[in-house]
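File shown here: coords31.pdb, holding PDB, C-alpha atoms.
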ATOM      1  CA  MET P 281      -9.420-126.108 -19.558
ATOM      2  CA  ASN P 282     -12.072-124.749 -21.876
ATOM      3  CA  THR P 283     -11.344-126.176 -25.336
ATOM      4  CA  ARG P 284     -14.481-124.648 -26.838
ATOM      5  CA  GLY P 285     -13.266-121.132 -26.067
ATOM      6  CA  ALA P 286      -9.840-121.825 -27.620
ATOM      7  CA  GLU P 287     -11.450-123.356 -30.713
ATOM      8  CA  SER P 288     -13.745-120.346 -31.024
ATOM      9  CA  ARG P 289     -10.809-117.903 -30.825
ATOM     10  CA  GLN P 290      -8.870-119.871 -33.476
ATOM     11  CA  LYS P 291     -11.911-119.902 -35.779
ATOM     12  CA  ARG P 292     -12.311-116.109 -35.418
ATOM     13  CA  ARG P 293      -8.603-115.615 -36.182
ATOM     14  CA  ARG P 294      -8.866-117.788 -39.325
ATOM     15  CA  ASP P 295     -11.917-115.782 -40.465
ATOM     16  CA  VAL P 296     -10.081-112.482 -40.036
ATOM     17  CA  VAL P 297      -6.976-113.773 -41.845
ATOM     18  CA  SER P 298      -9.038-115.189 -44.728
ATOM     19  CA  ARG P 299     -10.731-111.800 -45.254
ATOM     20  CA  GLN P 300      -7.367-110.020 -45.548
ATOM     21  CA  ALA P 301      -5.679-109.788 -48.940
ATOM     22  CA  SER P 302      -3.071-112.422 -49.485
ATOM     23  CA  PRO P 303       0.332-110.865 -50.146
ATOM     24  CA  ARG P 304       1.259-113.830 -52.357
ATOM     25  CA  GLY P 305      -0.229-113.606 -55.801
ATOM     26  CA  THR P 306      -1.841-110.199 -55.347
ATOM     27  CA  PHE P 307      -0.022-109.009 -58.468
ATOM     28  CA  LEU P 308      -1.740-111.814 -60.398
ATOM     29  CA  HIS P 309      -5.141-110.531 -59.282
ATOM     30  CA  VAL P 310      -4.185-107.008 -60.351
ATOM     31  CA  ALA P 311      -2.959-108.313 -63.726
ATOM     32  CA  GLU P 312      -6.242-110.206 -64.195
ATOM     33  CA  ALA P 313      -8.224-107.042 -63.420
ATOM     34  CA  VAL P 314      -6.213-105.060 -65.985
ATOM     35  CA  LYS P 315      -6.688-107.827 -68.592
ATOM     36  CA  ALA P 316     -10.437-107.689 -67.964
ATOM     37  CA  GLN P 317     -10.279-103.913 -68.445
ATOM     38  CA  ILE P 318      -8.405-104.363 -71.762
ATOM     39  CA  ASP P 319     -10.922-106.954 -72.966
ATOM     40  CA  ALA P 320     -13.895-104.787 -71.960
ATOM     41  CA  ASP P 321     -12.625-101.674 -73.766
ATOM     42  CA  PRO P 322     -11.465-102.284 -77.363
ATOM     43  CA  ALA P 323     -10.486 -98.607 -77.669
ATOM     44  CA  MET P 324      -8.021 -98.861 -74.772
ATOM     45  CA  THR P 325      -4.498 -98.261 -76.093
ATOM     46  CA  GLU P 326      -2.573 -97.468 -72.903
ATOM     47  CA  LEU P 327      -2.497 -99.047 -69.461
ATOM     48  CA  PRO P 328      -3.228 -97.006 -66.356
ATOM     49  CA  THR P 329      -0.200 -95.335 -64.816
ATOM     50  CA  LEU P 330       1.629 -97.035 -61.982
ATOM     51  CA  ALA P 331       0.113 -94.557 -59.499
ATOM     52  CA  GLU P 332      -3.407 -95.138 -60.857
ATOM     53  CA  LEU P 333      -2.975 -98.904 -60.579
ATOM     54  CA  MET P 334      -1.642 -98.614 -57.039
ATOM     55  CA  ALA P 335      -4.568 -96.432 -55.955
ATOM     56  CA  ALA P 336      -7.264 -98.461 -57.729
ATOM     57  CA  HIS P 337      -6.140-101.778 -56.230
ATOM     58  CA  ASN P 338      -4.671-100.464 -52.973
ATOM     59  CA  VAL P 339      -1.330-102.168 -53.629
ATOM     60  CA  SER P 340       2.320-101.253 -53.342
ATOM     61  CA  ARG P 341       4.527-100.071 -56.176
ATOM     62  CA  GLY P 342       6.267-103.449 -56.295
ATOM     63  CA  VAL P 343       2.969-105.312 -56.704
ATOM     64  CA  ALA P 344       1.891-102.963 -59.524
ATOM     65  CA  ILE P 345       5.251-103.396 -61.299
ATOM     66  CA  ARG P 346       4.961-107.190 -61.033
ATOM     67  CA  ALA P 347       1.452-106.970 -62.534
ATOM     68  CA  PHE P 348       2.875-105.011 -65.500
ATOM     69  CA  LYS P 349       5.558-107.694 -65.929
ATOM     70  CA  VAL P 350       2.884-110.404 -66.063
ATOM     71  CA  LEU P 351       1.035-108.473 -68.776
ATOM     72  CA  LYS P 352       4.291-108.125 -70.721
ATOM     73  CA  GLU P 353       5.148-111.828 -70.402
ATOM     74  CA  GLU P 354       1.677-112.753 -71.662
ATOM     75  CA  GLY P 355       2.034-110.392 -74.633
ATOM     76  CA  ARG P 356      -0.849-108.175 -73.522
ATOM     77  CA  ALA P 357       1.199-104.992 -72.961
ATOM     78  CA  GLU P 358       4.599-103.498 -73.655
ATOM     79  CA  PRO P 359       6.590-100.636 -72.181
ATOM     80  CA  ALA P 360       6.915 -97.495 -74.281
ATOM     81  CA  LEU P 361       9.900 -95.230 -73.720
ATOM     82  CA  GLY P 362       8.851 -91.894 -72.277
ATOM     83  CA  SER P 363       5.211 -92.899 -72.215
ATOM     84  CA  ARG P 364       2.681 -95.191 -70.590
ATOM     85  CA  TRP P 365       2.658 -98.917 -71.233
ATOM     86  CA  ARG P 366       0.869 -99.784 -74.495
ATOM     87  CA  VAL P 367      -1.853-102.375 -74.910
ATOM     88  CA  VAL P 368      -0.945-105.114 -77.377
ATOM     89  CA  ARG P 369      -3.906-106.738 -79.089
ATOM     90  CA  THR P 370      -3.695-110.050 -80.920
ATOM     91  CA  GLY P 371      -3.923-109.818 -84.675
ATOM     92  CA  GLU P 372      -2.759-106.195 -84.769
ATOM     93  CA  HIS P 373       0.621-105.479 -86.282
ATOM     94  CA  GLN P 374       2.392-102.254 -85.518
ATOM     95  CA  ASP P 375       5.912-101.367 -86.514
ATOM     96  CA  ARG P 376       7.636-100.829 -83.163
ATOM     97  CA  ARG P 377      10.999 -99.768 -84.592
ATOM     98  CA  PRO P 378      12.315 -96.303 -83.759
ATOM     99  CA  LEU P 379      10.938 -93.531 -85.970
ATOM    100  CA  THR P 380      14.343 -92.880 -87.566
ATOM    101  CA  GLU P 381      14.529 -96.493 -88.752
ATOM    102  CA  ARG P 382      10.986 -96.387 -90.114
ATOM    103  CA  MET P 383      11.772 -93.128 -91.908
ATOM    104  CA  THR P 384      14.793 -94.669 -93.652
ATOM    105  CA  ASP P 385      12.316 -97.052 -95.334
ATOM    106  CA  ILE P 386      10.941 -94.009 -97.213
ATOM    107  CA  PHE P 387      14.045 -93.946 -99.421
ATOM    108  CA  ARG P 388      13.112 -97.399-100.716
ATOM    109  CA  THR P 389       9.292 -97.267-100.639
ATOM    110  CA  ASP P 390       9.086 -93.845-102.315
ATOM    111  CA  LYS P 391      11.937 -94.811-104.697
ATOM    112  CA  LEU P 392      13.946 -91.713-103.837
ATOM    113  CA  ASN P 393      17.267 -90.952-105.453
ATOM    114  CA  VAL P 394      20.052 -88.533-104.584
ATOM    115  CA  GLY P 395      18.807 -84.985-105.200
ATOM    116  CA  ASP P 396      15.102 -85.821-104.776
ATOM    117  CA  GLU P 397      12.991 -83.859-102.294
ATOM    118  CA  PHE P 398      12.226 -85.646 -99.037
ATOM    119  CA  PRO P 399       8.639 -85.453 -97.678
ATOM    120  CA  SER P 400       7.849 -82.497 -95.406
ATOM    121  CA  THR P 401       7.726 -82.676 -91.627
ATOM    122  CA  THR P 402       3.952 -82.264 -91.689
ATOM    123  CA  ALA P 403       3.482 -85.040 -94.267
ATOM    124  CA  LEU P 404       5.741 -87.349 -92.234
ATOM    125  CA  ALA P 405       3.901 -86.515 -88.992
ATOM    126  CA  ASP P 406       0.642 -87.570 -90.663
ATOM    127  CA  ARG P 407       2.195 -90.650 -92.250
ATOM    128  CA  PHE P 408       3.695 -91.954 -89.010
ATOM    129  CA  ASP P 409       1.060 -90.567 -86.623
ATOM    130  CA  ALA P 410       3.754 -88.729 -84.686
ATOM    131  CA  SER P 411       4.162 -85.189 -83.455
ATOM    132  CA  ARG P 412       6.016 -82.659 -85.618
ATOM    133  CA  PRO P 413       8.790 -82.145 -83.003
ATOM    134  CA  THR P 414       9.375 -85.916 -82.862
ATOM    135  CA  VAL P 415       9.557 -86.085 -86.669
ATOM    136  CA  ALA P 416      11.893 -83.059 -86.724
ATOM    137  CA  LYS P 417      14.291 -84.840 -84.320
ATOM    138  CA  ALA P 418      14.291 -87.949 -86.533
ATOM    139  CA  LEU P 419      14.938 -85.775 -89.610
ATOM    140  CA  ASP P 420      17.836 -84.086 -87.817
ATOM    141  CA  LYS P 421      19.283 -87.548 -87.069
ATOM    142  CA  LEU P 422      18.993 -88.524 -90.746
ATOM    143  CA  GLY P 423      20.706 -85.234 -91.596
ATOM    144  CA  ALA P 424      23.492 -85.938 -89.084
ATOM    145  CA  ASP P 425      23.929 -89.359 -90.715
ATOM    146  CA  GLY P 426      24.528 -87.569 -94.025
ATOM    147  CA  LEU P 427      21.360 -88.836 -95.717
ATOM    148  CA  LEU P 428      19.433 -85.533 -95.920
ATOM    149  CA  SER P 429      20.262 -81.883 -96.442
ATOM    150  CA  GLU P 430      19.689 -79.337 -93.695
ATOM    151  CA  SER P 431      16.277 -77.856 -93.212
ATOM    152  CA  ARG P 432      16.068 -74.205 -94.194
ATOM    153  CA  GLN P 433      13.101 -71.873 -94.057
ATOM    154  CA  GLY P 434      11.177 -72.201 -97.310
ATOM    155  CA  LYS P 435      13.417 -74.981 -98.680
ATOM    156  CA  ARG P 436      12.601 -78.664 -98.549
ATOM    157  CA  ARG P 437      15.137 -81.251 -97.464
ATOM    158  CA  THR P 438      16.764 -83.184-100.272
ATOM    159  CA  VAL P 439      18.335 -86.628-100.382
ATOM    160  CA  LEU P 440      22.154 -86.448-100.152
ATOM    161  CA  ALA P 441      22.818 -90.200 -99.910
ATOM    162  CA  LEU P 442      20.896 -93.445 -99.792
ATOM    163  CA  PRO P 443      20.908 -95.606 -96.626
ATOM    164  CA  GLY P 444      23.384 -98.443 -96.702
ATOM    165  CA  ARG P 445      25.284 -96.912 -99.589
ATOM    166  CA  LYS P 446      28.075 -94.347 -99.427
ATOM    167  CA  GLU P 447      27.872 -91.560-101.982
ATOM    168  CA  PRO P 448      31.055 -89.874-103.186
ATOM    169  CA  SER P 449      31.521 -86.457-101.621
TER     170      SER P 449
END

Hey, can you dump this file as structure tokens for me?
Amino acid sequence: MNTRGAESRQKRRRDVVSRQASPRGTFLHVAEAVKAQIDADPAMTELPTLAELMAAHNVSRGVAIRAFKVLKEEGRAEPALGSRWRVVRTGEHQDRRPLTERMTDIFRTDKLNVGDEFPSTTALADRFDASRPTVAKALDKLGADGLLSESRQGKRRTVLALPGRKEPS
């Protein structure tokens, strides 16, 4: 029996296997690559899409999702409803509450009282760095909650009630 030939075949098989990507831990390699990308680009605010990540690293959807989960667990990224995952940088504080909740703070910070004019949609869009339609939806919610008057062409919304306090009707 030729043991050298068998040893040679085993060595070639090991070489081929070692060159193939390991299915275990591949998501960790993808997560490391994305972290390096985040560190290299301080202006990066969103992660690549799932499809982009899959194509760039030639991995399955499941591997890409697990890589996103690693980034979330490490506090490097967070999911954003209806949008791409956001990059989270250390030392940066952003208010992640829903826009409606952040807008209710205006009553207190701007010291508004019943009957006062509420800021315009455009002013709120600038203040919260949000689109006008998104701000309009939040204003409609505050109106439905009985805090603001209806929006009418040429008329500004006014405060009907203060959050956390019921006004007599």

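Distances to Pro378 of chain P were evaluated for P:Phe398, P:Thr414, P:Lys391, P:Arg366 using only C-alpha atoms, and the minimum falls at P:Thr414.
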
Excluding Glu326 of chain P and residues on its chain fewer than 5 positions from it, collect all residues at most 7 Å away from it, counting all atoms listed in the file, and give them as an MDAnalysis selection string.
chainID P and resid 364:367

Tell me, in Å to one decimal, how far atom CA of Lys352 of chain P is from atom CA of Thr306 of chain P.
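Rounded to one decimal, the two atoms are 16.7 Å apart.
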
What lies within 12 Å of His309 of chain P using all atoms listed in the file, ignoring chain neighbours under 6 positions off, as an MDAnalysis selection string?
chainID P and resid 301:303 315:316 333 337:339 343:344 346:348 350:351

Atom CA of Leu379 of chain P and atom CA of Ala331 of chain P, how far apart in Å?
28.6 Å

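The space separating atom CA of Arg382 of chain P from atom CA of Leu404 of chain P comes to 10.7 Å.
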
Could you name the residues that touch Thr438 of chain P at 9 Å or less, counting only C-alpha atoms, but leaving out those on the same chain fewer than 6 positions away, as a PyMOL selection string?
chain P and resi 394-399+427-431

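Using only C-alpha atoms for every distance, the candidate list P:Leu308, P:Ala323, P:Val439, P:Ile345 yields P:Ile345 as the residue closest to Pro359 of chain P.
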
Closest to Asp321 of chain P among P:Glu358, P:Asp406, P:Ala336, P:Arg369, using all atoms listed in the file?
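Of P:Glu358, P:Asp406, P:Ala336, P:Arg369, the one nearest Asp321 of chain P, counting all atoms listed in the file, is P:Arg369.
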
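With only C-alpha atoms as the atoms that count, the minimum distance from Lys421 of chain P to the choices P:Thr380, P:Thr389, P:Ser363, P:Thr402 is reached by P:Thr380.
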
Using all atoms listed in the file, pick whichever of P:Val310, P:Leu442, P:Ala403, P:Ala410 has the shortest atom-to-atom distance to Met334 of chain P.
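Under the stated criterion, the closest residue is P:Val310.
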
Which is closer to Ser400 of chain P than all the others in P:Glu353, P:Ser340, P:Leu419, P:Arg388, using all atoms listed in the file?
P:Leu419

With 4 Å on each side, where is the centre of the axis-aligned box around all listed atoms of segment 355-369 of chain P, and how long are its edges in Å to one decimal, as AutoDock Vina command-line options?
--center_x 3.0 --center_y -101.1 --center_z -74.8 --size_x 21.8 --size_y 26.5 --size_z 16.5

Show me that you can extract segment 379-414 of chain P, keeping N, CA, C and O atoms, and write it as an mmCIF file, in the first residue's frame.
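out_24.cif was written with the following content:
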data_model
loop_
_atom_site.group_PDB
_atom_site.id
_atom_site.type_symbol
_atom_site.label_atom_id
_atom_site.label_comp_id
_atom_site.auth_asym_id
_atom_site.auth_seq_id
_atom_site.Cartn_x
_atom_site.Cartn_y
_atom_site.Cartn_z
ATOM 1 N N LEU P 379 -41.036 61.116 16.977
ATOM 2 C CA LEU P 379 -41.156 62.548 16.735
ATOM 3 C C LEU P 379 -42.312 63.166 17.529
ATOM 4 O O LEU P 379 -42.179 64.260 18.077
ATOM 5 N N THR P 380 -43.424 62.476 17.643
ATOM 6 C CA THR P 380 -44.563 63.005 18.394
ATOM 7 C C THR P 380 -44.177 63.270 19.847
ATOM 8 O O THR P 380 -44.532 64.317 20.397
ATOM 9 N N GLU P 381 -43.436 62.363 20.443
ATOM 10 C CA GLU P 381 -42.998 62.552 21.835
ATOM 11 C C GLU P 381 -42.043 63.734 21.953
ATOM 12 O O GLU P 381 -42.130 64.527 22.887
ATOM 13 N N ARG P 382 -41.124 63.845 20.997
ATOM 14 C CA ARG P 382 -40.179 64.968 21.038
ATOM 15 C C ARG P 382 -40.905 66.297 20.829
ATOM 16 O O ARG P 382 -40.535 67.311 21.414
ATOM 17 N N MET P 383 -41.963 66.270 20.017
ATOM 18 C CA MET P 383 -42.711 67.502 19.762
ATOM 19 C C MET P 383 -43.533 67.924 20.983
ATOM 20 O O MET P 383 -43.775 69.119 21.171
ATOM 21 N N THR P 384 -43.941 66.976 21.810
ATOM 22 C CA THR P 384 -44.683 67.364 23.022
ATOM 23 C C THR P 384 -43.780 68.129 23.994
ATOM 24 O O THR P 384 -44.284 68.902 24.816
ATOM 25 N N ASP P 385 -42.464 67.953 23.887
ATOM 26 C CA ASP P 385 -41.532 68.723 24.717
ATOM 27 C C ASP P 385 -41.592 70.218 24.404
ATOM 28 O O ASP P 385 -41.224 71.041 25.237
ATOM 29 N N ILE P 386 -42.049 70.570 23.206
ATOM 30 C CA ILE P 386 -42.120 71.983 22.792
ATOM 31 C C ILE P 386 -43.043 72.771 23.720
ATOM 32 O O ILE P 386 -42.775 73.935 24.015
ATOM 33 N N PHE P 387 -44.102 72.151 24.196
ATOM 34 C CA PHE P 387 -45.034 72.838 25.093
ATOM 35 C C PHE P 387 -44.284 73.372 26.309
ATOM 36 O O PHE P 387 -44.492 74.498 26.742
ATOM 37 N N ARG P 388 -43.368 72.541 26.834
ATOM 38 C CA ARG P 388 -42.610 72.922 28.022
ATOM 39 C C ARG P 388 -41.436 73.839 27.680
ATOM 40 O O ARG P 388 -41.269 74.896 28.287
ATOM 41 N N THR P 389 -40.627 73.437 26.674
ATOM 42 C CA THR P 389 -39.413 74.211 26.367
ATOM 43 C C THR P 389 -39.718 75.604 25.832
ATOM 44 O O THR P 389 -38.982 76.551 26.114
ATOM 45 N N ASP P 390 -40.795 75.733 25.053
ATOM 46 C CA ASP P 390 -41.171 77.047 24.513
ATOM 47 C C ASP P 390 -42.146 77.785 25.435
ATOM 48 O O ASP P 390 -42.642 78.849 25.080
ATOM 49 N N LYS P 391 -42.447 77.161 26.587
ATOM 50 C CA LYS P 391 -43.361 77.737 27.588
ATOM 51 C C LYS P 391 -44.688 78.167 26.964
ATOM 52 O O LYS P 391 -45.148 79.290 27.138
ATOM 53 N N LEU P 392 -45.295 77.234 26.240
ATOM 54 C CA LEU P 392 -46.567 77.519 25.578
ATOM 55 C C LEU P 392 -47.722 77.349 26.554
ATOM 56 O O LEU P 392 -47.686 76.498 27.440
ATOM 57 N N ASN P 393 -48.735 78.138 26.345
ATOM 58 C CA ASN P 393 -49.961 78.063 27.130
ATOM 59 C C ASN P 393 -51.131 77.848 26.183
ATOM 60 O O ASN P 393 -51.011 78.027 24.971
ATOM 61 N N VAL P 394 -52.271 77.490 26.739
ATOM 62 C CA VAL P 394 -53.480 77.310 25.941
ATOM 63 C C VAL P 394 -53.762 78.616 25.203
ATOM 64 O O VAL P 394 -53.714 79.696 25.783
ATOM 65 N N GLY P 395 -54.011 78.482 23.886
ATOM 66 C CA GLY P 395 -54.302 79.642 23.042
ATOM 67 C C GLY P 395 -53.090 80.169 22.286
ATOM 68 O O GLY P 395 -53.237 80.918 21.322
ATOM 69 N N ASP P 396 -51.884 79.779 22.699
ATOM 70 C CA ASP P 396 -50.671 80.219 21.999
ATOM 71 C C ASP P 396 -50.560 79.525 20.640
ATOM 72 O O ASP P 396 -51.068 78.419 20.448
ATOM 73 N N GLU P 397 -49.860 80.196 19.705
ATOM 74 C CA GLU P 397 -49.610 79.578 18.403
ATOM 75 C C GLU P 397 -48.509 78.539 18.543
ATOM 76 O O GLU P 397 -47.523 78.757 19.253
ATOM 77 N N PHE P 398 -48.696 77.415 17.846
ATOM 78 C CA PHE P 398 -47.694 76.356 17.820
ATOM 79 C C PHE P 398 -46.777 76.626 16.632
ATOM 80 O O PHE P 398 -47.220 77.157 15.613
ATOM 81 N N PRO P 399 -45.492 76.261 16.697
ATOM 82 C CA PRO P 399 -44.590 76.493 15.562
ATOM 83 C C PRO P 399 -45.106 75.855 14.275
ATOM 84 O O PRO P 399 -45.809 74.837 14.299
ATOM 85 N N SER P 400 -44.733 76.450 13.145
ATOM 86 C CA SER P 400 -45.187 75.968 11.834
ATOM 87 C C SER P 400 -44.529 74.637 11.469
ATOM 88 O O SER P 400 -43.501 74.252 12.042
ATOM 89 N N THR P 401 -45.119 73.977 10.491
ATOM 90 C CA THR P 401 -44.585 72.706 10.010
ATOM 91 C C THR P 401 -43.157 72.885 9.504
ATOM 92 O O THR P 401 -42.275 72.075 9.796
ATOM 93 N N THR P 402 -42.920 73.951 8.769
ATOM 94 C CA THR P 402 -41.587 74.208 8.230
ATOM 95 C C THR P 402 -40.575 74.434 9.351
ATOM 96 O O THR P 402 -39.468 73.879 9.321
ATOM 97 N N ALA P 403 -40.941 75.233 10.347
ATOM 98 C CA ALA P 403 -40.041 75.495 11.473
ATOM 99 C C ALA P 403 -39.740 74.202 12.234
ATOM 100 O O ALA P 403 -38.597 73.962 12.647
ATOM 101 N N LEU P 404 -40.760 73.352 12.395
ATOM 102 C CA LEU P 404 -40.566 72.087 13.109
ATOM 103 C C LEU P 404 -39.704 71.114 12.287
ATOM 104 O O LEU P 404 -38.883 70.394 12.844
ATOM 105 N N ALA P 405 -39.896 71.124 10.973
ATOM 106 C CA ALA P 405 -39.077 70.265 10.100
ATOM 107 C C ALA P 405 -37.602 70.643 10.234
ATOM 108 O O ALA P 405 -36.735 69.771 10.325
ATOM 109 N N ASP P 406 -37.318 71.937 10.280
ATOM 110 C CA ASP P 406 -35.939 72.396 10.461
ATOM 111 C C ASP P 406 -35.425 72.045 11.855
ATOM 112 O O ASP P 406 -34.299 71.582 12.016
ATOM 113 N N ARG P 407 -36.251 72.250 12.838
ATOM 114 C CA ARG P 407 -35.855 72.027 14.239
ATOM 115 C C ARG P 407 -35.525 70.563 14.517
ATOM 116 O O ARG P 407 -34.585 70.251 15.246
ATOM 117 N N PHE P 408 -36.300 69.660 13.937
ATOM 118 C CA PHE P 408 -36.117 68.235 14.192
ATOM 119 C C PHE P 408 -35.416 67.494 13.062
ATOM 120 O O PHE P 408 -35.284 66.273 13.107
ATOM 121 N N ASP P 409 -34.995 68.227 12.032
ATOM 122 C CA ASP P 409 -34.326 67.632 10.878
ATOM 123 C C ASP P 409 -35.149 66.467 10.326
ATOM 124 O O ASP P 409 -34.661 65.344 10.165
ATOM 125 N N ALA P 410 -36.419 66.769 10.077
ATOM 126 C CA ALA P 410 -37.356 65.769 9.558
ATOM 127 C C ALA P 410 -38.061 66.345 8.339
ATOM 128 O O ALA P 410 -38.064 67.555 8.117
ATOM 129 N N SER P 411 -38.663 65.479 7.561
ATOM 130 C CA SER P 411 -39.385 65.952 6.385
ATOM 131 C C SER P 411 -40.711 66.587 6.805
ATOM 132 O O SER P 411 -41.260 66.269 7.866
ATOM 133 N N ARG P 412 -41.225 67.484 5.965
ATOM 134 C CA ARG P 412 -42.492 68.155 6.278
ATOM 135 C C ARG P 412 -43.649 67.149 6.393
ATOM 136 O O ARG P 412 -44.475 67.269 7.297
ATOM 137 N N PRO P 413 -43.745 66.144 5.495
ATOM 138 C CA PRO P 413 -44.839 65.169 5.661
ATOM 139 C C PRO P 413 -44.760 64.404 6.988
ATOM 140 O O PRO P 413 -45.787 64.132 7.608
ATOM 141 N N THR P 414 -43.554 64.079 7.431
ATOM 142 C CA THR P 414 -43.391 63.383 8.709
ATOM 143 C C THR P 414 -43.839 64.269 9.858
ATOM 144 O O THR P 414 -44.541 63.825 10.775
#
